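What follows is start00.txt (compact mmCIF, C-alpha atoms and all ligand atoms).
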```txt
# COMPACT_ATOMS: atom_id res chain seq x y z
CA MET A 1 -30.71 15.80 22.50
CA SER A 2 -30.12 13.67 19.46
CA ARG A 3 -32.52 13.12 16.65
CA GLU A 4 -32.67 9.83 14.89
CA LYS A 5 -33.06 9.37 11.18
CA THR A 6 -33.94 6.23 9.28
CA ILE A 7 -31.25 5.57 6.72
CA THR A 8 -30.81 2.84 4.16
CA LEU A 9 -27.44 1.14 4.03
CA THR A 10 -26.50 -1.17 1.19
CA ILE A 11 -24.61 -3.96 2.91
CA ASN A 12 -23.19 -6.83 0.89
CA GLY A 13 -25.60 -5.99 -1.91
CA ARG A 14 -28.71 -5.85 0.26
CA ALA A 15 -30.55 -2.73 1.35
CA GLU A 16 -31.00 -2.57 5.13
CA GLN A 17 -32.63 0.16 7.16
CA ALA A 18 -31.38 1.54 10.44
CA SER A 19 -32.67 4.27 12.70
CA VAL A 20 -29.62 6.12 13.93
CA PRO A 21 -28.70 9.41 15.59
CA PRO A 22 -26.09 11.60 13.86
CA HIS A 23 -23.24 10.49 16.14
CA ARG A 24 -23.78 6.75 15.57
CA THR A 25 -20.77 5.19 13.91
CA LEU A 26 -21.01 2.81 10.98
CA LEU A 27 -19.42 0.16 13.21
CA GLU A 28 -22.19 0.52 15.80
CA ALA A 29 -24.90 0.59 13.13
CA LEU A 30 -23.55 -2.52 11.41
CA ARG A 31 -23.28 -4.50 14.63
CA ASP A 32 -26.76 -3.36 15.72
CA LEU A 33 -28.03 -4.75 12.41
CA GLY A 34 -26.45 -8.10 13.26
CA HIS A 35 -23.26 -7.70 11.23
CA VAL A 36 -21.08 -8.89 14.08
CA GLU A 37 -18.57 -10.13 11.53
CA VAL A 38 -17.34 -6.53 11.70
CA LYS A 39 -15.13 -6.49 14.78
CA CYS A 40 -14.97 -3.81 17.42
CA GLY A 41 -11.48 -3.20 18.76
CA CYS A 42 -10.11 0.16 19.81
CA GLU A 43 -12.96 2.32 18.43
CA LYS A 44 -10.48 5.10 17.69
CA GLY A 45 -8.83 4.20 14.40
CA ASP A 46 -5.77 2.41 15.74
CA CYS A 47 -6.35 -1.32 15.17
CA GLY A 48 -8.21 -1.75 11.87
CA ALA A 49 -10.36 -4.58 13.23
CA CYS A 50 -13.49 -2.75 12.12
CA ALA A 51 -12.44 -2.17 8.49
CA VAL A 52 -15.07 -2.56 5.79
CA GLN A 53 -15.08 -1.47 2.17
CA VAL A 54 -17.15 1.57 1.26
CA ASP A 55 -17.48 1.85 -2.51
CA GLY A 56 -14.49 -0.49 -2.74
CA LEU A 57 -12.22 1.48 -0.42
CA ALA A 58 -11.24 0.14 3.00
CA MET A 59 -12.38 2.40 5.82
CA ASP A 60 -12.36 2.09 9.59
CA SER A 61 -16.05 1.85 10.37
CA CYS A 62 -15.43 3.15 13.90
CA LEU A 63 -14.31 6.47 12.42
CA THR A 64 -17.16 6.70 9.92
CA LEU A 65 -20.57 8.06 10.80
CA ALA A 66 -23.44 5.93 9.56
CA TRP A 67 -25.23 8.95 8.11
CA MET A 68 -22.20 9.68 5.91
CA VAL A 69 -22.42 6.42 3.99
CA GLU A 70 -26.11 6.32 3.20
CA GLY A 71 -26.56 5.09 -0.36
CA ARG A 72 -22.98 3.82 -0.67
CA GLU A 73 -21.93 0.21 -1.18
CA ILE A 74 -20.68 -1.32 2.04
CA THR A 75 -18.92 -4.68 1.94
CA THR A 76 -18.03 -6.69 5.01
CA ILE A 77 -16.04 -9.89 5.24
CA ALA A 78 -19.36 -11.77 5.02
CA GLY A 79 -19.88 -10.34 1.54
CA LEU A 80 -16.72 -11.86 0.08
CA GLY A 81 -17.29 -15.59 -0.04
CA GLU A 82 -19.25 -18.52 1.26
CA ARG A 83 -18.08 -21.35 3.49
CA ASP A 84 -17.87 -23.71 0.48
CA THR A 85 -16.64 -21.08 -1.96
CA PRO A 86 -14.34 -18.79 0.01
CA HIS A 87 -12.72 -15.74 -1.51
CA PRO A 88 -9.01 -16.35 -2.34
CA LEU A 89 -8.04 -14.13 0.60
CA GLN A 90 -10.22 -16.11 3.00
CA LYS A 91 -8.78 -19.35 1.66
CA ALA A 92 -5.16 -18.18 1.80
CA PHE A 93 -5.51 -16.86 5.37
CA THR A 94 -7.11 -20.12 6.49
CA ASP A 95 -4.79 -22.49 4.64
CA GLY A 96 -1.63 -20.56 5.40
CA GLY A 97 -2.07 -19.99 9.12
CA GLY A 98 -2.74 -16.27 8.81
CA ILE A 99 -5.48 -16.68 11.41
CA GLN A 100 -5.00 -17.50 15.06
CA CYS A 101 -7.64 -15.97 17.34
CA GLY A 102 -9.18 -14.43 14.21
CA TYR A 103 -10.20 -11.13 15.75
CA CYS A 104 -8.12 -9.03 13.38
CA THR A 105 -8.92 -11.17 10.34
CA PRO A 106 -12.05 -9.48 8.95
CA GLY A 107 -10.37 -6.08 8.97
CA MET A 108 -7.10 -7.49 7.64
CA ILE A 109 -8.84 -9.15 4.73
CA MET A 110 -10.92 -6.09 3.85
CA ALA A 111 -7.80 -3.89 3.90
CA ALA A 112 -5.94 -6.45 1.80
CA LYS A 113 -8.77 -6.69 -0.72
CA SER A 114 -8.90 -2.93 -1.09
CA MET A 115 -5.14 -2.87 -1.72
CA ILE A 116 -5.18 -5.74 -4.24
CA ASP A 117 -8.14 -4.21 -6.09
CA ARG A 118 -5.92 -1.20 -6.77
CA ASN A 119 -2.59 -3.00 -7.05
CA PRO A 120 -3.05 -6.60 -8.25
CA GLU A 121 0.65 -7.40 -7.99
CA PRO A 122 1.77 -5.94 -4.67
CA SER A 123 5.38 -6.23 -3.53
CA GLU A 124 6.11 -7.29 0.04
CA GLU A 125 6.62 -3.64 0.90
CA ASP A 126 3.27 -2.74 -0.71
CA ILE A 127 1.59 -5.41 1.42
CA ARG A 128 3.26 -4.18 4.59
CA ILE A 129 2.21 -0.60 3.83
CA GLY A 130 -1.30 -1.69 2.78
CA LEU A 131 -1.83 -3.47 6.08
CA SER A 132 -0.02 -0.94 8.24
CA GLY A 133 -3.32 0.23 9.72
CA ASN A 134 -4.23 -3.26 10.93
CA LEU A 135 -2.88 -4.72 14.14
CA CYS A 136 -2.55 -8.41 14.99
CA ARG A 137 -1.51 -9.52 18.44
CA CYS A 138 -1.20 -13.23 17.56
CA THR A 139 0.49 -14.12 14.31
CA GLY A 140 3.64 -12.03 14.09
CA TYR A 141 2.37 -10.86 10.67
CA THR A 142 4.62 -13.07 8.50
CA LYS A 143 1.90 -15.59 7.69
CA ILE A 144 -0.57 -12.78 7.04
CA PHE A 145 1.76 -11.12 4.53
CA GLU A 146 2.39 -14.49 2.86
CA ALA A 147 -1.34 -15.17 2.66
CA VAL A 148 -1.97 -11.81 0.99
CA GLU A 149 0.80 -12.48 -1.55
CA GLU A 150 -0.65 -15.93 -2.24
CA ALA A 151 -4.18 -14.58 -2.64
CA ALA A 152 -3.05 -11.75 -4.92
CA ALA A 153 -1.41 -14.30 -7.22
CA GLU A 154 -4.58 -16.40 -7.18
CA MET A 155 -6.75 -13.37 -7.93
CA ARG A 156 -4.73 -12.35 -10.97
CA GLY A 157 -4.85 -15.91 -12.27
CA ALA A 158 -1.22 -16.62 -11.64
CA GLY A 159 -1.94 -19.31 -9.07
CA GLY A 160 -0.41 -19.33 -5.65
CA LYS A 161 2.48 -21.31 -4.28
CA SER A 162 1.74 -25.02 -4.46
S1 LIG A 201 -12.11 -0.59 16.11
FE1 LIG A 201 -11.88 0.74 14.42
S2 LIG A 201 -9.76 0.99 14.18
FE2 LIG A 201 -9.94 -0.19 16.00
S1 LIG A 202 -5.10 -13.54 14.74
FE1 LIG A 202 -5.43 -12.81 16.77
S2 LIG A 202 -5.27 -10.67 16.61
FE2 LIG A 202 -4.70 -11.40 14.66
```
Show me this structure written as structure tokens.
Amino acid sequence: MSREKTITLTINGRAEQASVPPHRTLLEALRDLGHVEVKCGCEKGDCGACAVQVDGLAMDSCLTLAWMVEGREITTIAGLGERDTPHPLQKAFTDGGGIQCGYCTPGMIMAAKSMIDRNPEPSEEDIRIGLSGNLCRCTGYTKIFEAVEEAAAEMRGAGGKS
């Protein structure tokens, strides 16, 4: 028998309440709250599609219990930018062809943001390592790595490739 508890999650700067049993994952709780921008892939930590930032650190939400992150700052891809004012990562992925079907993209971008936040000038190897927990079955990765490099340059004010 599972007991539910009402918890408050801070998602993209807004407090939202969810009634969840102890085994409910953050991924399930987010999607139940309508945050379907967080993608559900393998549900076992292999694909990274479900990655969100928790207090600025990328985490697989399918491996995180919702109860564990009560009171922490959760950021999803929807918290990064708006359609008219996209985050540099969103813009670089879109402009540079780092998106095909798009299913991996929210997790890719959240993992990339977490890496750039800690390492504003990542080498190609840093980018490959930083995204090693995220799988893409469409792009072949090259355009994704280029987009991350471009966005990192933009974010540190160095401008991207023209
Ligand atoms: S759905 Fe979480 S890692 Fe694949
Ligand atoms: S763009 Fe389709 S899985 Fe990455």
Contacts of Met59 (chain A) at 10 Å or less, counting only C-alpha atoms, minus same-chain residues fewer than 2 places along, as a PDB file with C-alpha atoms, in the coordinates of the input?
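Ended up saving to selection12.pdb:
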```
ATOM      1  CA  GLY A  45      -8.830   4.200  14.400  1.00  0.00           C
ATOM      2  CA  GLY A  48      -8.210  -1.750  11.870  1.00  0.00           C
ATOM      3  CA  CYS A  50     -13.490  -2.750  12.120  1.00  0.00           C
ATOM      4  CA  ALA A  51     -12.440  -2.170   8.490  1.00  0.00           C
ATOM      5  CA  VAL A  52     -15.070  -2.560   5.790  1.00  0.00           C
ATOM      6  CA  GLN A  53     -15.080  -1.470   2.170  1.00  0.00           C
ATOM      7  CA  VAL A  54     -17.150   1.570   1.260  1.00  0.00           C
ATOM      8  CA  ASP A  55     -17.480   1.850  -2.510  1.00  0.00           C
ATOM      9  CA  GLY A  56     -14.490  -0.490  -2.740  1.00  0.00           C
ATOM     10  CA  LEU A  57     -12.220   1.480  -0.420  1.00  0.00           C
ATOM     11  CA  SER A  61     -16.050   1.850  10.370  1.00  0.00           C
ATOM     12  CA  CYS A  62     -15.430   3.150  13.900  1.00  0.00           C
ATOM     13  CA  LEU A  63     -14.310   6.470  12.420  1.00  0.00           C
ATOM     14  CA  THR A  64     -17.160   6.700   9.920  1.00  0.00           C
ATOM     15  CA  ILE A  74     -20.680  -1.320   2.040  1.00  0.00           C
ATOM     16  CA  GLY A 107     -10.370  -6.080   8.970  1.00  0.00           C
ATOM     17  CA  MET A 110     -10.920  -6.090   3.850  1.00  0.00           C
ATOM     18  CA  ALA A 111      -7.800  -3.890   3.900  1.00  0.00           C
ATOM     19  CA  SER A 114      -8.900  -2.930  -1.090  1.00  0.00           C
TER      20      SER A 114
END
```
**Asked** For Lys143 (chain A), which of A:Ile99, A:Ala49, A:Ala112, A:Val36 is the closest residue, counting only C-alpha atoms?
**Response**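 Among A:Ile99, A:Ala49, A:Ala112, A:Val36, it is A:Ile99 that comes nearest to Lys143 (chain A).
Each of A:Pro120, A:Met68, A:Glu73, A:Glu28 was compared to Ala15 (chain A) using all atoms listed in the file, and A:Glu73 turns out to be the nearest.
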**Request:** Tell me, in Å to one decimal, how far CA of Asp126 (chain A) is from CA of Thr75 (chain A).
**Result:** 22.4 Å
**Complete:** Taken to one decimal, the CA of Thr94 (chain A)-atom S2 of ligand LIG 202 (chain A) distance is 14.0 Å
**Asked** Within 6 Å of ligand LIG 202 (chain A), counting all atoms listed in the file: which residues, as JSON, numbers by chain?
**Response** {"A": [99, 100, 101, 102, 103, 104, 136, 137, 138, 139]}
**Message:** For a cutoff of 7 Å around the file-coordinate point (-0.7, -14.2, 9.1), which residues qualify once you count only C-alpha atoms? I'd like the result as a ChimeraX atom specification.
**Reply:** /A:93,97-99,139-147
